[in-house]
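Listing of structure38.csv; format and content: CSV, C-alpha atoms and all ligand atoms.
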```
chain,number,residue,atom,x,y,z
A,307,MET,CA,87.5,-43.0,-137.5
A,308,THR,CA,83.8,-43.5,-136.9
A,309,THR,CA,82.7,-47.1,-136.2
A,310,SER,CA,80.7,-48.8,-138.8
A,311,SER,CA,77.8,-49.5,-136.4
A,312,SER,CA,77.1,-45.7,-136.2
A,313,LEU,CA,77.2,-45.3,-139.9
A,314,ALA,CA,74.5,-45.7,-142.5
A,315,LEU,CA,77.1,-45.7,-145.3
A,316,ARG,CA,80.8,-46.0,-145.7
A,317,ILE,CA,82.5,-45.6,-149.1
A,318,SER,CA,86.2,-46.2,-149.2
A,319,ASP,CA,88.5,-45.5,-152.2
A,320,LEU,CA,85.8,-45.9,-154.7
A,321,HIS,CA,86.7,-45.8,-158.4
A,322,CYS,CA,84.5,-46.0,-161.4
A,323,SER,CA,85.0,-45.5,-165.1
A,324,TYR,CA,82.9,-45.7,-168.3
A,325,ALA,CA,84.7,-47.2,-171.3
A,326,GLY,CA,88.1,-46.4,-169.9
A,327,VAL,CA,87.2,-42.8,-168.9
A,328,ASP,CA,87.6,-42.3,-165.1
A,329,ILE,CA,84.6,-40.8,-163.4
A,330,LEU,CA,85.3,-41.4,-159.7
A,331,THR,CA,88.9,-41.6,-158.7
A,332,GLY,CA,89.2,-42.6,-155.0
A,333,LEU,CA,85.9,-41.4,-153.4
A,334,ASP,CA,85.7,-41.6,-149.6
A,335,LEU,CA,82.4,-40.8,-147.9
A,336,GLU,CA,80.7,-41.5,-144.6
A,337,LEU,CA,77.0,-41.0,-143.8
A,338,GLY,CA,75.8,-41.1,-140.2
A,339,LYS,CA,72.6,-42.8,-139.2
A,340,ASN,CA,69.6,-40.5,-139.5
A,341,GLU,CA,71.6,-38.1,-141.5
A,342,ILE,CA,70.6,-36.4,-144.8
A,343,LEU,CA,73.6,-35.7,-147.1
A,344,CYS,CA,73.5,-33.9,-150.4
A,345,LEU,CA,75.9,-34.5,-153.3
A,346,LEU,CA,76.2,-31.2,-155.1
A,347,GLY,CA,78.3,-30.3,-158.1
A,348,PRO,CA,78.4,-29.3,-161.7
A,349,SER,CA,76.9,-31.4,-164.4
A,350,GLY,CA,78.8,-34.6,-165.2
A,351,CYS,CA,81.0,-34.6,-162.1
A,352,GLY,CA,79.8,-38.1,-161.0
A,353,LYS,CA,76.9,-37.5,-158.6
A,354,THR,CA,74.4,-39.9,-160.2
A,355,THR,CA,77.2,-42.4,-160.8
A,356,THR,CA,77.8,-42.4,-157.1
A,357,LEU,CA,74.1,-43.1,-156.3
A,358,LYS,CA,74.1,-45.9,-158.9
A,359,LEU,CA,77.2,-47.5,-157.3
A,360,ILE,CA,75.6,-47.3,-153.8
A,361,ALA,CA,72.4,-48.9,-155.2
A,362,GLY,CA,74.3,-51.7,-156.9
A,363,LEU,CA,73.1,-50.6,-160.4
A,364,LEU,CA,76.7,-50.2,-161.5
A,365,PRO,CA,79.8,-52.1,-160.4
A,366,PRO,CA,82.8,-50.1,-159.1
A,367,THR,CA,86.3,-50.8,-160.6
A,368,GLN,CA,87.9,-50.5,-157.2
A,369,GLY,CA,86.9,-49.7,-153.6
A,370,SER,CA,84.3,-50.8,-151.0
A,371,ILE,CA,80.8,-49.8,-149.9
A,372,GLU,CA,79.2,-50.7,-146.6
A,373,ILE,CA,75.6,-50.1,-145.8
A,374,ASN,CA,74.7,-50.1,-142.1
A,375,GLY,CA,77.8,-52.0,-141.3
A,376,GLU,CA,77.3,-54.6,-144.0
A,377,VAL,CA,79.8,-54.8,-146.9
A,378,VAL,CA,77.8,-54.7,-150.2
A,379,ASP,CA,80.7,-54.1,-152.5
A,380,ASN,CA,84.4,-54.9,-152.4
A,381,ALA,CA,87.0,-56.8,-154.5
A,382,GLU,CA,85.2,-60.2,-153.9
A,383,LEU,CA,81.5,-59.1,-153.5
A,384,ASN,CA,78.9,-57.2,-155.5
A,385,LEU,CA,75.6,-57.6,-153.8
A,386,ALA,CA,72.5,-57.4,-156.0
A,387,PRO,CA,70.5,-54.2,-155.8
A,388,GLU,CA,67.4,-55.9,-154.3
A,389,LYS,CA,69.5,-57.2,-151.4
A,390,ARG,CA,70.9,-53.8,-150.3
A,391,LYS,CA,67.9,-52.5,-148.4
A,392,VAL,CA,68.1,-49.3,-150.3
A,393,GLY,CA,65.2,-47.2,-151.6
A,394,ILE,CA,65.6,-45.1,-154.8
A,395,ILE,CA,63.6,-42.1,-155.8
A,396,PHE,CA,64.3,-40.8,-159.3
A,397,GLN,CA,63.8,-37.4,-160.9
A,398,ASP,CA,61.1,-38.6,-163.2
A,399,TYR,CA,59.4,-40.6,-160.4
A,400,ALA,CA,59.4,-43.8,-162.6
A,401,LEU,CA,55.8,-44.6,-161.8
A,402,PHE,CA,54.0,-47.1,-164.0
A,403,PRO,CA,51.3,-45.1,-165.9
A,404,HIS,CA,48.9,-48.0,-166.2
A,405,LEU,CA,48.9,-48.9,-162.5
A,406,THR,CA,47.0,-47.1,-159.7
A,407,VAL,CA,48.7,-45.5,-156.7
A,408,THR,CA,48.0,-48.6,-154.7
A,409,ASP,CA,49.6,-50.9,-157.4
A,410,ASN,CA,52.5,-48.7,-157.9
A,411,VAL,CA,53.2,-48.6,-154.1
A,412,LEU,CA,52.9,-52.3,-153.7
A,413,PHE,CA,54.8,-53.2,-156.9
A,414,SER,CA,57.7,-54.9,-155.1
A,415,GLN,CA,55.6,-56.2,-152.3
A,416,TYR,CA,54.1,-59.2,-154.1
A,417,LYS,CA,55.9,-61.7,-152.0
A,418,GLN,CA,54.1,-60.4,-148.8
A,419,SER,CA,50.8,-61.7,-147.6
A,420,LYS,CA,47.7,-59.7,-148.5
A,421,VAL,CA,47.2,-58.6,-144.9
A,422,LYS,CA,50.8,-57.4,-144.7
A,423,GLN,CA,50.4,-55.6,-148.1
A,424,LYS,CA,47.3,-53.8,-146.8
A,425,GLU,CA,49.1,-52.7,-143.6
A,426,THR,CA,52.1,-51.4,-145.6
A,427,LEU,CA,49.9,-49.5,-148.0
A,428,ASP,CA,47.9,-47.9,-145.3
A,429,TYR,CA,51.0,-46.9,-143.4
A,430,VAL,CA,53.0,-45.4,-146.3
A,431,LEU,CA,50.0,-43.6,-147.9
A,432,LYS,CA,49.2,-42.0,-144.6
A,433,LEU,CA,52.9,-40.9,-144.2
A,434,VAL,CA,52.8,-39.1,-147.5
A,435,ASN,CA,49.3,-37.8,-147.1
A,436,LEU,CA,47.8,-39.7,-150.1
A,437,THR,CA,45.3,-42.0,-148.5
A,438,GLU,CA,42.4,-40.6,-150.5
A,439,PHE,CA,44.3,-41.0,-153.8
A,440,ALA,CA,44.9,-44.7,-153.6
A,441,ASP,CA,42.7,-45.5,-156.6
A,442,ARG,CA,44.0,-42.8,-158.9
A,443,TYR,CA,46.4,-43.2,-161.8
A,444,PRO,CA,49.6,-41.2,-162.1
A,445,HIS,CA,48.1,-38.9,-164.8
A,446,GLN,CA,45.3,-37.9,-162.4
A,447,LEU,CA,47.9,-36.5,-159.9
A,448,SER,CA,50.0,-33.4,-159.7
A,449,GLY,CA,53.8,-33.5,-160.0
A,450,GLY,CA,54.1,-33.1,-156.3
A,451,GLN,CA,51.6,-35.9,-155.6
A,452,GLN,CA,53.3,-38.2,-158.1
A,453,GLN,CA,56.6,-37.6,-156.3
A,454,ARG,CA,54.9,-38.5,-153.0
A,455,VAL,CA,53.8,-41.8,-154.6
A,456,ALA,CA,57.4,-42.5,-155.6
A,457,ILE,CA,58.4,-41.8,-152.0
A,458,ALA,CA,55.7,-44.1,-150.6
A,459,ARG,CA,56.8,-46.9,-153.0
A,460,ALA,CA,60.4,-46.5,-151.8
A,461,LEU,CA,59.3,-46.5,-148.1
A,462,ALA,CA,57.1,-49.6,-148.6
A,463,SER,CA,60.3,-51.8,-148.6
A,464,SER,CA,61.5,-50.3,-145.3
A,465,PRO,CA,64.8,-49.3,-146.7
A,466,GLU,CA,67.8,-48.6,-144.4
A,467,LEU,CA,69.0,-45.9,-146.8
A,468,LEU,CA,67.1,-43.7,-149.2
A,469,LEU,CA,68.8,-42.5,-152.4
A,470,LEU,CA,67.1,-39.5,-154.1
A,471,ASP,CA,68.3,-38.4,-157.6
A,472,GLU,CA,67.1,-34.8,-158.3
A,473,PRO,CA,63.8,-35.5,-156.5
A,474,PHE,CA,62.5,-32.0,-156.7
A,475,SER,CA,63.6,-30.8,-160.1
A,476,ASN,CA,60.3,-31.6,-161.9
A,477,ILE,CA,58.2,-29.9,-159.2
A,478,ASP,CA,56.8,-26.4,-159.7
A,479,SER,CA,58.9,-23.9,-157.7
A,480,GLN,CA,55.8,-22.8,-155.6
A,481,VAL,CA,55.3,-26.4,-154.4
A,482,ARG,CA,59.0,-27.3,-154.2
A,483,HIS,CA,59.7,-25.3,-151.1
A,484,HIS,CA,56.8,-26.9,-149.3
A,485,LEU,CA,57.6,-30.5,-150.5
A,486,ILE,CA,61.3,-30.1,-149.4
A,487,GLU,CA,60.1,-29.1,-145.9
A,488,GLU,CA,57.6,-31.9,-145.8
A,489,MET,CA,60.1,-34.5,-147.0
A,490,ARG,CA,62.8,-33.5,-144.6
A,491,ASP,CA,60.3,-33.7,-141.7
A,492,LEU,CA,59.2,-37.1,-142.8
A,493,LEU,CA,62.8,-38.5,-143.0
A,494,LYS,CA,63.7,-36.9,-139.7
A,495,SER,CA,60.7,-38.1,-137.8
A,496,HIS,CA,61.3,-41.7,-139.1
A,497,ASN,CA,65.1,-41.6,-138.3
A,498,MET,CA,65.9,-42.3,-142.0
A,499,SER,CA,69.3,-41.8,-143.6
A,500,ALA,CA,69.3,-40.4,-147.1
A,501,ILE,CA,71.6,-39.2,-149.8
A,502,PHE,CA,70.3,-36.9,-152.5
A,503,VAL,CA,71.7,-35.4,-155.6
A,504,THR,CA,70.9,-32.0,-156.9
A,505,HIS,CA,72.2,-29.2,-159.1
A,506,SER,CA,70.5,-26.6,-156.9
A,507,LYS,CA,72.3,-25.1,-154.0
A,508,GLU,CA,69.1,-23.7,-152.6
A,509,GLU,CA,67.6,-27.2,-152.4
A,510,ALA,CA,70.8,-28.5,-150.9
A,511,PHE,CA,70.8,-25.8,-148.2
A,512,ALA,CA,67.2,-26.4,-147.3
A,513,PHE,CA,67.2,-30.2,-147.3
A,514,ALA,CA,70.6,-31.5,-146.2
A,515,ASP,CA,72.3,-31.8,-142.9
A,516,ARG,CA,75.7,-31.9,-144.7
A,517,LEU,CA,76.8,-31.2,-148.2
A,518,ALA,CA,79.5,-32.8,-150.3
A,519,VAL,CA,80.6,-30.6,-153.1
A,520,PHE,CA,82.0,-32.7,-156.0
A,521,HIS,CA,84.6,-31.6,-158.4
A,522,GLN,CA,86.2,-33.8,-161.0
A,523,GLY,CA,85.2,-37.1,-159.4
A,524,LYS,CA,86.3,-36.2,-155.9
A,525,ILE,CA,84.7,-34.5,-153.0
A,526,GLU,CA,86.2,-31.0,-152.8
A,527,GLN,CA,84.7,-30.2,-149.4
A,528,LEU,CA,82.2,-31.8,-147.0
A,529,GLY,CA,80.4,-30.0,-144.2
A,530,THR,CA,77.2,-28.3,-143.0
A,531,PRO,CA,75.6,-25.8,-145.5
A,532,SER,CA,76.8,-22.8,-143.4
A,533,GLU,CA,80.3,-24.1,-143.0
A,534,LEU,CA,80.7,-24.5,-146.7
A,535,TYR,CA,79.0,-21.2,-147.6
A,536,ASN,CA,80.9,-19.2,-145.0
A,537,GLN,CA,84.2,-21.0,-144.8
A,538,PRO,CA,84.8,-22.5,-148.2
A,539,ALA,CA,88.1,-24.4,-148.4
A,540,THR,CA,88.7,-23.6,-152.1
A,541,ARG,CA,87.6,-21.0,-154.7
A,542,PHE,CA,85.7,-23.7,-156.5
A,543,VAL,CA,83.5,-24.3,-153.5
A,544,ALA,CA,83.2,-20.6,-152.8
A,545,ASP,CA,82.1,-19.8,-156.4
A,546,PHE,CA,79.8,-22.9,-156.6
A,547,LEU,CA,77.8,-21.9,-153.6
A,548,GLY,CA,77.1,-18.3,-154.5
A,549,LYS,CA,78.5,-15.0,-155.6
A,550,VAL,CA,81.9,-13.9,-154.2
A,551,ASN,CA,83.9,-10.7,-154.4
A,552,TYR,CA,87.7,-11.2,-154.5
A,553,LEU,CA,90.0,-8.5,-153.2
A,554,ASP,CA,93.8,-8.5,-153.1
A,555,ALA,CA,94.8,-8.5,-149.4
A,556,VAL,CA,98.1,-8.2,-147.4
A,557,VAL,CA,98.1,-9.7,-144.0
A,558,LEU,CA,98.8,-6.9,-141.4
A,559,ASP,CA,98.6,-9.0,-138.2
A,560,ALA,CA,96.7,-12.0,-136.7
A,561,HIS,CA,93.3,-10.2,-137.1
A,562,SER,CA,93.5,-7.9,-140.0
A,563,VAL,CA,94.4,-7.4,-143.7
A,564,GLN,CA,94.9,-4.4,-145.9
A,565,THR,CA,92.8,-4.1,-149.0
A,566,ALA,CA,91.4,-1.6,-151.5
A,567,LEU,CA,88.5,-1.1,-149.0
A,568,GLY,CA,91.0,-0.3,-146.2
A,569,VAL,CA,91.9,-2.4,-143.2
A,570,ILE,CA,89.4,-5.3,-142.7
A,571,SER,CA,89.3,-7.2,-139.4
A,572,SER,CA,88.7,-10.9,-138.9
A,573,LYS,CA,86.7,-12.2,-135.9
A,574,LYS,CA,88.7,-15.4,-135.9
A,575,ALA,CA,92.6,-15.2,-135.8
A,576,LEU,CA,94.2,-15.7,-139.2
A,577,THR,CA,96.5,-18.6,-139.6
A,578,VAL,CA,98.7,-16.7,-142.2
A,579,ALA,CA,102.1,-15.0,-141.7
A,580,VAL,CA,102.2,-11.2,-141.5
A,581,GLY,CA,103.1,-9.7,-144.8
A,582,GLU,CA,101.7,-12.5,-147.0
A,583,GLN,CA,99.8,-11.5,-150.1
A,584,LYS,CA,96.4,-13.3,-150.4
A,585,LEU,CA,93.0,-13.1,-152.0
A,586,LEU,CA,90.2,-12.2,-149.7
A,587,ALA,CA,86.7,-13.7,-150.5
A,588,ILE,CA,83.7,-11.6,-149.4
A,589,ARG,CA,80.1,-12.5,-150.0
A,590,PRO,CA,77.8,-9.7,-151.3
A,591,GLN,CA,75.8,-9.5,-148.1
A,592,GLN,CA,79.0,-9.0,-146.0
A,593,LEU,CA,79.4,-5.5,-147.6
A,594,GLN,CA,77.4,-2.5,-146.4
A,595,LEU,CA,77.0,0.8,-148.1
A,596,GLN,CA,76.6,4.3,-146.7
A,597,VAL,CA,75.7,7.1,-149.2
A,598,VAL,CA,78.2,10.0,-148.7
A,599,LYS,CA,79.1,12.9,-151.1
A,600,GLN,CA,82.8,12.0,-151.3
A,601,GLY,CA,82.4,8.2,-151.2
A,602,ILE,CA,85.0,5.8,-152.3
A,603,ALA,CA,82.7,4.0,-154.8
A,604,THR,CA,79.8,4.7,-157.1
A,605,ILE,CA,76.7,2.5,-157.6
A,606,SER,CA,76.9,1.5,-161.2
A,607,GLN,CA,74.0,-1.0,-161.5
A,608,GLN,CA,71.0,-2.1,-159.4
A,609,GLN,CA,68.6,-4.9,-159.6
A,610,PHE,CA,65.5,-5.1,-157.3
A,611,LEU,CA,64.8,-8.8,-156.3
A,612,GLY,CA,62.0,-8.3,-153.8
A,613,MET,CA,63.5,-9.5,-150.5
A,614,THR,CA,66.9,-7.9,-151.4
A,615,THR,CA,68.4,-5.6,-153.9
A,616,HIS,CA,71.5,-6.6,-155.8
A,617,CYS,CA,73.9,-3.8,-156.8
A,618,THR,CA,77.2,-3.4,-158.5
A,619,ILE,CA,79.5,-0.7,-157.2
A,620,CYS,CA,82.6,0.6,-158.9
A,621,LEU,CA,85.6,1.3,-156.6
A,622,THR,CA,88.3,3.5,-158.1
A,623,ASP,CA,91.4,1.4,-158.5
A,624,THR,CA,94.2,3.0,-160.6
A,625,ALA,CA,96.0,-0.4,-160.8
A,626,LEU,CA,93.2,-1.7,-163.1
A,627,ALA,CA,93.0,-0.8,-166.9
A,628,ASP,CA,89.5,0.7,-166.6
A,629,GLY,CA,90.3,2.2,-163.2
A,630,CYS,CA,87.3,0.4,-161.7
A,631,LEU,CA,87.1,-2.5,-159.3
A,632,GLU,CA,83.6,-3.9,-159.5
A,633,LEU,CA,82.1,-5.4,-156.4
A,634,SER,CA,78.7,-7.1,-155.8
A,635,VAL,CA,76.6,-6.0,-152.9
A,636,SER,CA,73.4,-7.4,-151.6
A,637,MET,CA,71.2,-4.8,-149.7
A,638,GLN,CA,67.9,-4.7,-147.9
A,639,GLN,CA,66.8,-1.4,-149.5
A,640,PRO,CA,67.4,-0.1,-153.0
A,641,MET,CA,69.6,3.1,-153.4
A,642,GLN,CA,70.1,5.3,-156.5
A,643,VAL,CA,72.4,4.4,-159.4
A,644,GLY,CA,75.1,7.0,-159.5
A,645,ASP,CA,75.1,7.6,-155.7
A,646,MET,CA,78.5,7.8,-154.1
A,647,VAL,CA,79.0,5.4,-151.2
A,648,ASN,CA,81.5,4.3,-148.6
A,649,VAL,CA,81.8,0.6,-148.0
A,650,THR,CA,82.2,-1.2,-144.7
A,651,VAL,CA,82.6,-5.0,-144.2
A,652,VAL,CA,80.4,-6.8,-141.7
A,653,GLU,CA,82.8,-8.4,-139.1
A,654,HIS,CA,83.2,-12.1,-139.8
A,655,ASP,CA,85.8,-14.9,-140.0
A,656,LEU,CA,87.8,-13.8,-143.1
A,657,VAL,CA,88.4,-16.3,-145.8
A,658,LEU,CA,91.7,-16.0,-147.6
A,659,PHE,CA,92.9,-17.9,-150.7
A,660,GLU,CA,96.2,-18.1,-152.6
A,661,ARG,CA,96.5,-15.5,-155.4
A,662,GLU,CA,96.7,-17.2,-158.7
B,701,LIG,N1,76.5,-45.2,-169.3
B,701,LIG,C1,77.5,-44.3,-169.5
B,701,LIG,N2,78.4,-44.5,-170.5
B,701,LIG,C2,79.4,-43.6,-170.7
B,701,LIG,N3,79.6,-42.4,-169.9
B,701,LIG,C3,78.6,-42.2,-169.0
B,701,LIG,C4,77.5,-43.1,-168.7
B,701,LIG,N4,76.8,-42.6,-167.7
B,701,LIG,C5,77.4,-41.4,-167.4
B,701,LIG,N5,78.5,-41.2,-168.1
B,701,LIG,C6,79.4,-40.0,-168.0
B,701,LIG,O1,79.9,-40.0,-166.7
B,701,LIG,C7,80.1,-38.7,-166.2
B,701,LIG,C8,79.4,-38.6,-164.9
B,701,LIG,O2,78.0,-38.8,-165.1
B,701,LIG,P1,76.9,-38.6,-163.9
B,701,LIG,O3,75.6,-38.9,-164.5
B,701,LIG,O4,77.4,-39.3,-162.7
B,701,LIG,O5,77.1,-37.0,-163.6
B,701,LIG,P2,76.2,-36.1,-162.7
B,701,LIG,O6,77.2,-35.4,-161.8
B,701,LIG,O7,75.1,-36.8,-162.0
B,701,LIG,O8,75.7,-35.1,-163.8
B,701,LIG,P3,74.2,-34.3,-163.9
B,701,LIG,O9,74.2,-33.3,-162.8
B,701,LIG,O10,74.3,-33.7,-165.3
B,701,LIG,O11,73.2,-35.4,-163.8
B,701,LIG,C9,79.5,-37.7,-167.3
B,701,LIG,O12,80.6,-37.2,-168.0
B,701,LIG,C10,78.7,-38.7,-168.2
B,701,LIG,O13,78.7,-38.2,-169.5
```
For this file, produce the structure as structure tokens.
Amino acid sequence: MTTSSSLALRISDLHCSYAGVDILTGLDLELGKNEILCLLGPSGCGKTTTLKLIAGLLPPTQGSIEINGEVVDNAELNLAPEKRKVGIIFQDYALFPHLTVTDNVLFSQYKQSKVKQKETLDYVLKLVNLTEFADRYPHQLSGGQQQRVAIARALASSPELLLLDEPFSNIDSQVRHHLIEEMRDLLKSHNMSAIFVTHSKEEAFAFADRLAVFHQGKIEQLGTPSELYNQPATRFVADFLGKVNYLDAVVLDAHSVQTALGVISSKKALTVAVGEQKLLAIRPQQLQLQVVKQGIATISQQQFLGMTTHCTICLTDTALADGCLELSVSMQQPMQVGDMVNVTVVEHDLVLFERE
């Protein structure tokens, strides 16, 4: 187990319910210092509830929370939000419309001396690149700039942990990519720990060091974006993080399986007994097509997406009612609908699930 001193957050056996309905049922989670973790999952699975519990805005029904080695919640203690050294950034920025950028940023700093307030203001506005906007009101700023004011306000209290609830969802998609990059650099260069909530896997991949995929009040899998995308532990995680093709597979030996696409090899040894019947998960970009006159499949649909082309191929499979096994393929170059193709699988570590 990791020692508390190396952790920004430790959540143990956390439970929470609203009016008798269980939302979290034994959540365990650890966040390293200087780490950015994303809580990802379908709507209503308990992501925002988890942030509120960490912030102290909601009491847990059971379990404990430690922030930087200090217990803030357990059976005897429920530390007030303002004593937790946590900064929160909400989806709607929650800026006061009648206050300037300066007054919004210094809103919680009224106990500090004027000199200290000025120092803090200069420091955080410089960090988020808003020094020249100090006298503006929120309605005189773009969405991205308002979000940066919310970040500056959260940073003004020198939090030990930042909590971000859908911080990019109201930002125009053109600006979002840039803001995610900027924000990640800011957190990393100031050794800050952060947990953020999103619906968007693209944001999660771009912003987080590790992802926790939630399902029904529990973490289904925790790991780096590429671990979860390439080696999902369950079909729920595989499907949640992107399109997947599923093929019936029979294990032939430690490195290969038999499928409707022929024998497919795994880079990494399989940990499944020879002869077992499994379901092989393959991402669209792990399939490659070659146009040939007597191919095993036909291109039935195609969608040009700019950087890639997405197509559906139909593989003859007499075991299926319509005689066609549809597979999704992501390609660099478009082909022709109706072309016959052969299909090869890019060598990778195969992912096998139980058949249902
Ligand atoms: N104050 C409340 N009273 C009753 N039920 C609530 C309350 N707040 C949230 N819930 C319910 O708890 C569940 C978890 O809500 P939560 O906001 O944590 O989900 P979420 O994963 O953040 O969802 P979303 O992605 O849609 O924001 C949902 O079913 C929600 O309806």
Kindly indicate which residue among A:Lys524, A:Arg516, A:His404, A:His483 lies nearest to ligand LIG 701 (chain B), using all atoms listed in the file for the distances.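 So, comparing all the options, the nearest one is A:Lys524.
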Quick check, in Å to one decimal: how far apart do atom CA of A:Leu558 and atom CA of A:Val580 lie? 5.5 Å
Find the residues near ligand LIG 701 (chain B). Use a cut-off of 6 Å, count all atoms listed in the file, and write them as a ChimeraX atom specification. /A:324,329,348-355,505
Taking (64.0, -2.7, -156.0) in the file's own coordinates, collect the residues within 6 Å, counting all atoms listed in the file, and hand them back as a list in words.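 Applying the cut-off with all atoms listed in the file, one gets Phe610, Thr615 and Pro640 of chain A.
Interatomic distance, atom CA of A:Leu433 to atom CA of A:Leu470: 17.4 Å.
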Name the residues in contact with A:Leu468 at a cut-off of 9 Å, using all atoms listed in the file, excluding same-chain residues fewer than 6 positions from it; report them as a PyMOL selection string. chain A and resi 391-395+460-461+498-502
So how many Å separate atom CA of A:Ser634 and atom CA of A:Pro590, to one decimal? 5.3 Å
Compile the contact shell of A:Gly601 as a count of residues only: residues with an atom at most 8 Å away, counting only C-alpha atoms, same-chain residues fewer than 2 positions apart removed. 8
Between A:His654, A:Gln607, A:Gly568, A:Lys358, single out the one closest to A:Glu632, counting all atoms listed in the file.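 Comparing A:His654, A:Gln607, A:Gly568, A:Lys358 against A:Glu632, the winner is A:Gln607.
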Quick one: residues within 9 Å of A:Leu595, all atoms listed in the file, excluding same-chain residues fewer than 5 positions away - as a list in words? Val635, Met637, Val647, Asn648, Val649, Thr650 and Val651 of chain A
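All polymer residues at most 9 Å from (70.2, -41.2, -141.6), using only C-alpha atoms, appear as Leu313, Ala314, Leu337, Gly338, Lys339, Asn340, Glu341, Ile342, Leu343, Glu466, Leu467, Leu468, Leu493, Lys494, Asn497, Met498, Ser499, Ala500 and Ile501 of chain A.
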Best match for closeness to A:Pro403 among A:Val657, A:Leu485, A:Leu385, A:Leu447, counting only C-alpha atoms: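 Once distances to A:Pro403 are computed over only C-alpha atoms, the minimum belongs to A:Leu447.
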Which residues come within 10 Å of A:Phe511, counting all atoms listed in the file, excluding same-chain residues fewer than 6 positions away, as a PDB file with C-alpha atoms, in the coordinates of the input?
```pdb
ATOM      1  CA  CYS A 344      73.500 -33.900-150.400  1.00  0.00           C
ATOM      2  CA  LEU A 517      76.800 -31.200-148.200  1.00  0.00           C
ATOM      3  CA  THR A 530      77.200 -28.300-143.000  1.00  0.00           C
ATOM      4  CA  PRO A 531      75.600 -25.800-145.500  1.00  0.00           C
ATOM      5  CA  SER A 532      76.800 -22.800-143.400  1.00  0.00           C
ATOM      6  CA  TYR A 535      79.000 -21.200-147.600  1.00  0.00           C
ATOM      7  CA  LEU A 547      77.800 -21.900-153.600  1.00  0.00           C
TER       8      LEU A 547
END
```
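Across A:Leu401, A:Val569, A:Ala462, A:Ile588, the tightest approach to A:Gly548 is made by A:Ile588 when counting only C-alpha atoms.
You can rank A:Pro465, A:Leu345, A:Ala514, A:Gln451 by their closest distance to A:Lys389 using all atoms listed in the file, and at the top of that list sits A:Pro465.
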Could you name the residues that touch A:Lys574 at 9 Å or less, counting all atoms listed in the file, but leaving out those on the same chain fewer than 4 positions away, as a PDB file with C-alpha atoms, in the coordinates of the input?
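out20.pdb, freshly written:
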```pdb
ATOM      1  CA  ALA A 560      96.700 -12.000-136.700  1.00  0.00           C
ATOM      2  CA  HIS A 561      93.300 -10.200-137.100  1.00  0.00           C
ATOM      3  CA  HIS A 654      83.200 -12.100-139.800  1.00  0.00           C
ATOM      4  CA  ASP A 655      85.800 -14.900-140.000  1.00  0.00           C
ATOM      5  CA  LEU A 656      87.800 -13.800-143.100  1.00  0.00           C
TER       6      LEU A 656
END
```
Among listed residues A:Asn410, A:Gln397, A:Thr614, A:Ser479, nearest A:Thr504 (using only C-alpha atoms): A:Gln397
